[in-house]
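Asker: Got a structure for you, questions after.
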Amino acid sequence: MKASIKLTALFLLATTSLFAAVPAKALKTDATAVTFSTLAANKGIAVKAADAKSIVIIYDQYKNVLRKDVLAGNTSRGYILNTLENGDYTMEVTSNKQTVKKNIHVYDEGKTKTFIVQE
C-alpha cells in the first residue's frame, strides 16, 4: 500500500515537472521595444520606446484620436489619464514596425479619479 502511494506521488511529480519545464513562447515585440510605467501619484502612464522613432496614439471608445505623439530615440513621455472622462480608451504604440495596444479604463473611485490598464 505504501509503495503504491509513493509510486503515485512520484508519477504525479514527474508529470507535473514535465509540463512546468516546457517554456512559453516569448513575444519578441513589446518586451524590448516599448515600456509602460506608472507616473507619480498614479496620475497617468509613462511610455518609453527604444526605437529611434515611435508613435503613440490614444483613442477613445469610439475610435476618435485624442492624442498623437512622436517619440524620438529612446525618450520617455508621460500621459496624464486622470483628467479624462470616465470610459474606455486605447493606447497604441508603434515602434520598430510593431504595434503594442493597451486598453485603459478610467473611472471614479470615491472622490478620486483613477484608471486600470488592462493586459
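Chain identifiers are assigned as A, B, and so on, following the order in which chains appear in the C-alpha cells; residues are numbered from 1 within each chain, and ligands are numbered from 1 in order of appearance.
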Got a sec: who's within 7 Å of stretch 43-52 of chain A, counting only C-alpha atoms, leaving out chain neighbours fewer than 3 positions off, as an MDAnalysis selection string?
Answerer: chainID A and resid 33:40 72:82 95:96
Asker: Which residue, A:Leu84, A:Leu66, A:Val100, A:Val56, has the smallest gap to A:Lys113 when you use only C-alpha atoms?
Answerer: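 Between A:Leu84, A:Leu66, A:Val100, A:Val56, the residue approaching A:Lys113 most closely is A:Leu84.
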Asker: Find the residue from A:Thr94, A:Asn86, A:Arg67, A:Asp60 that sits nearest to A:Phe115; use only C-alpha atoms when measuring.
Answerer: A:Asn86
